[in-house]
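K.L.:
Submitted below is the structure of interest, expressed as structure tokens.
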Amino acid sequence: MEPASLPVTKGRGSIEDPEVLENVPGHVIPILEREFDDFDTESAKFLRGETPENEFIGFRLKQGVYGQRQPDVQMVRVKLPMGGITPEQLEAFADGIERYAPLNKGHITTRQNIQIHHMPLEDAAEFIRGLSDAGLSSREGCGNTVRNVTGDPWAGVAPDELFDLTPYAGAYVRYFVRHPTTQLMPRKVKTAFDASPEDRALTGIHDIAFIARERDGQRGVEVRVGGGTSIMPRIAPTLYDFVGLDDGEYLEVAEAVFRIFDRQDWLRVNRARARIKVLVDKIGIDEMRKLVDEERQGDWVNEREFDVEGLRLDVDEADRAPEVPASYASPNGDGSEFEAFRASNVTAQRQDGFSAVQVHVPRGDLTPEQLRSLADIARRYSGGWVRTTVHQNLLLRWVRDETVYEVWEALRELGLGDAGADQVGDVVSCPGTDSCKLGITSSMGLNAAVRERLDEMSITDPLTRKLHIKMSGCPNGCSQHHIANIGFYGASIKAGGHTIPAYVAHIAGNYEGGEIVYGQRLKVRLPAKRVPEAVERWIRLYEADRADGEEFNAFAARVGAATFEDAVRDLALPVEFGLDTMEHFIDWDRKVPFVVQRGEGECAV
């Protein structure tokens, strides 16, 4: 039996003797020594052939260790609740990556985790044990559990938020990690917390989400249930307009939802569709609300302690903020590059005198050297609690306005000082066939190729720069391609006896302004090597034919999907296999002919 949820502990506690709760930035999930000992033991038994793989997988997944398409190596997914990470934790990643990761990089995901790929199983055990010394945990980073809880990276400093949900999101994480109800549900549960009208945590695409609300002076949340992308995109409808926070009602509601979900054995038959959104889609949100109301009358409620006060994560970041420096650098000469950076990557906090600086991380990849230097920058210039973003970037918070220029200079030395965070050139992608069993195409390779084409285009038009481009290596949507202005998912095209890597496009998705819109899928399938050309054609079409001030999605609605399809019709024409066309039969960043090799994703195990 899995242990009940525990509050975060000082040091490494045990189930029988948990230590005293201590609120420290980045230390959210309890670290239990027994789990590392168990992982060492079970991994050794599996490697000796004493445990069948199908038995070991479930155990391994709950520790955040995921199988790859490449044999004998693993992906380790480390949870960063609300994206929070400290300088010491950045350094812990750097040390572990240098020692154990063949690719010598960590990867920021669209769910604010950091993943390490191609790690042998015996090294994965040592890696996660080492990270635990810095308060990091991979517990339930995979499996049919409550996955990493995402949140607005600007939470606590955003001028537009109703109030900071970080303490309550922290309590939610601590309540449900290791919770007996959430260890073997029909599928995973993705959660988001957001307090801004901009909805920067993308609540609409989550299984369960909490949006800050106030009523009669009481803090609470609107609860939404049943969102998700993948093969059946749905936007989460509202389950309750308002439930309390400080009285723990939101935890009770969430557990009721999970208990209902866990009992739906019919969902376990087809694991590809075993999500809360399928249940809500089938019975409707009103019937779901009725079931939750009934569930909350059960005896189990009296057996629980929804102790938000004892679980919440309270950190006084203002107390840790840097003082005004005695001296600081400023641009000397042409400051145009810095001004471009400040315009796109720097936002004023609601606290006077401070800014939040978004670090543009190409493809979400960071080397050990970059991680260590980012730790130094955070210690020197910010409050020290960095946040990852859902678009694979980093956010330095509590930076003094006077030192923003010095931060930019330091980032430039790392190759991380580019302007344009969350703009057209900040392309988002999942790992695709670099590691994922479900991957069809090299989405990371296409990311680099599209970025290169966009750089060559030298886009300066303000409306065009607002576009968002995302690509996934399969239809499942880990890059969130459904909600991009221009999105792609990996596919293939048969050409005689050969196969071409290809992509299907979505046009006019949206996630800004608090509105989630799924893009329209086009009826053309593009060879992977022709996608950068298609992107350029669509952008030039928009710039040439739009009305004055017309944004991309409005233009797409006016001209229709057929206009976009016609603009690339020749690019979608079949390619005949031959020496002159061989490149089309080889995927980006690959040297051998393309073959579809798709296994069963362990998310569904």
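In the structure tokens, the first chain shown is A, the next is B, and so on; residue numbers restart at 1 for each chain, and ligands run from 1 in the order shown.
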So which residues touch region 523-534 of chain A within 7 Å, counting only C-alpha atoms, skipping near sequence neighbours fewer than 3 positions away, as a count of residues only?
P.N.:
16
K.L.:
What are the nearest atom pairs, with distances in Å to one decimal, for all residues of region 293-408 of chain A that come at most 12 Å from region 91-96 of chain A, using only C-alpha atoms, set out by chain and rising residue number as CSV?
P.N.:
```
residue,atom,partner,partner_atom,distance
A:Leu366,CA,A:Ala94,CA,9.1
A:Thr367,CA,A:Ala94,CA,7.3
A:Pro368,CA,A:Ala94,CA,4.1
A:Glu369,CA,A:Ala94,CA,7.1
A:Gln370,CA,A:Ala94,CA,8.3
A:Leu371,CA,A:Ala94,CA,5.9
A:Arg372,CA,A:Glu91,CA,5.3
A:Ser373,CA,A:Glu91,CA,8.8
A:Leu374,CA,A:Glu91,CA,8.9
A:Ala375,CA,A:Glu91,CA,6.6
A:Asp376,CA,A:Glu91,CA,9.3
A:Ile377,CA,A:Glu91,CA,12.0
A:Ala378,CA,A:Glu91,CA,11.4
A:Arg379,CA,A:Glu91,CA,11.7
```
K.L.:
At what distance in Å, to one decimal, does CA of Pro153 (chain A) lie from CA of Trp398 (chain A)?
P.N.:
12.3 Å
K.L.:
Could you tell me how far CA of Arg569 (chain A) lies from CA of Ala556 (chain A), in Å and to one decimal?
P.N.:
16.8 Å
K.L.:
Give the answer as one residue: which of A:Thr191, A:Asn144, A:Thr441, A:Ser344 has the shortest atom-to-atom distance to Val424 (chain A), using only C-alpha atoms?
P.N.:
A:Ser344
K.L.:
Just list as an MDAnalysis selection string whatever in region 247-438 of chain A DSSP marks as strand (DSSP E).
P.N.:
chainID A and resid 346:348 354:359 365:366 386:388 394:400 428:429
K.L.:
So that each row is one residue of region 107-201 of chain A with an atom at most 10 Å from region 66-76 of chain A, can you give its shortest atom pair and the distance in Å to one decimal, using only C-alpha atoms, rows by chain and rising number, as JSON lines?
P.N.:
```
{"residue": "A:Ile114", "atom": "CA", "partner": "A:Val76", "partner_atom": "CA", "distance": 8.4}
{"residue": "A:Gln115", "atom": "CA", "partner": "A:Val76", "partner_atom": "CA", "distance": 5.6}
{"residue": "A:Ile116", "atom": "CA", "partner": "A:Val76", "partner_atom": "CA", "distance": 5.2}
{"residue": "A:His117", "atom": "CA", "partner": "A:Met75", "partner_atom": "CA", "distance": 4.4}
{"residue": "A:His118", "atom": "CA", "partner": "A:Val73", "partner_atom": "CA", "distance": 4.9}
{"residue": "A:Met119", "atom": "CA", "partner": "A:Gln74", "partner_atom": "CA", "distance": 4.9}
{"residue": "A:Pro120", "atom": "CA", "partner": "A:Val73", "partner_atom": "CA", "distance": 4.4}
{"residue": "A:Leu121", "atom": "CA", "partner": "A:Gln74", "partner_atom": "CA", "distance": 6.2}
{"residue": "A:Glu122", "atom": "CA", "partner": "A:Val73", "partner_atom": "CA", "distance": 9.4}
{"residue": "A:Asp123", "atom": "CA", "partner": "A:Gln74", "partner_atom": "CA", "distance": 9.4}
{"residue": "A:Ala124", "atom": "CA", "partner": "A:Val76", "partner_atom": "CA", "distance": 7.0}
{"residue": "A:Ala125", "atom": "CA", "partner": "A:Val76", "partner_atom": "CA", "distance": 9.6}
{"residue": "A:Phe127", "atom": "CA", "partner": "A:Val76", "partner_atom": "CA", "distance": 8.7}
{"residue": "A:Ile128", "atom": "CA", "partner": "A:Val76", "partner_atom": "CA", "distance": 8.1}
{"residue": "A:Ser138", "atom": "CA", "partner": "A:Val76", "partner_atom": "CA", "distance": 7.4}
{"residue": "A:Gly141", "atom": "CA", "partner": "A:Val76", "partner_atom": "CA", "distance": 8.3}
{"residue": "A:Cys142", "atom": "CA", "partner": "A:Tyr66", "partner_atom": "CA", "distance": 6.8}
{"residue": "A:Gly143", "atom": "CA", "partner": "A:Tyr66", "partner_atom": "CA", "distance": 8.6}
```
K.L.:
CA of Trp300 (chain A) and CA of His179 (chain A) are how many Å apart?
P.N.:
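Between these atoms lies a distance of 13.5 Å.
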K.L.:
Which residue gives the smallest distance to Gln520 (chain A) among A:Gly578, A:Gly420, A:Gly130, A:Pro233, with only C-alpha atoms counted?
P.N.:
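Ranked by minimum distance to Gln520 (chain A), first place goes to A:Pro233.
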K.L.:
Which residue is closest to Gly135 (chain A)? Choose from A:Leu32, A:Leu184, A:Gly227, A:Glu98 and count only C-alpha atoms.
P.N.:
A:Leu32
K.L.:
Apply DSSP to the backbone of this structure and, from region 77-255 of chain A, keep only the residues in helix (DSSP H, G or I); write these as a VMD selection string.
P.N.:
chain A and resid 81 to 83 87 to 100 121 to 132 166 to 176 180 to 182 203 to 205 249 to 255
K.L.:
Counting only C-alpha atoms, figure out which residue out of A:Glu456, A:Trp266, A:Asp286, A:Arg273 gets nearest to Ile231 (chain A).
P.N.:
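Counting only C-alpha atoms, the residue closest to Ile231 (chain A) is A:Arg273.
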K.L.:
Determine, counting only C-alpha atoms, which protein, DNA and RNA residues have an atom within 6 Å of an atom of region 234-240 of chain A; residues of the same chain fewer than 2 positions away are not included. Present the result as a VMD selection string.
P.N.:
chain A and resid 204 to 205 222 to 228 242 289
K.L.:
Would you please work out which residue, of A:Arg215, A:Arg178, A:Arg363, A:Arg598, is nearest to Gln392 (chain A) when using only C-alpha atoms?
P.N.:
A:Arg363
K.L.:
Which residues are close to Phe193 (chain A), i.e. within 10 Å by only C-alpha atoms, leaving aside same-chain residues fewer than 6 positions away? Reply as a ChimeraX atom specification.
P.N.:
/A:82,149-152,155,164-166,168-169,172,199-203,206,208-212,221,223
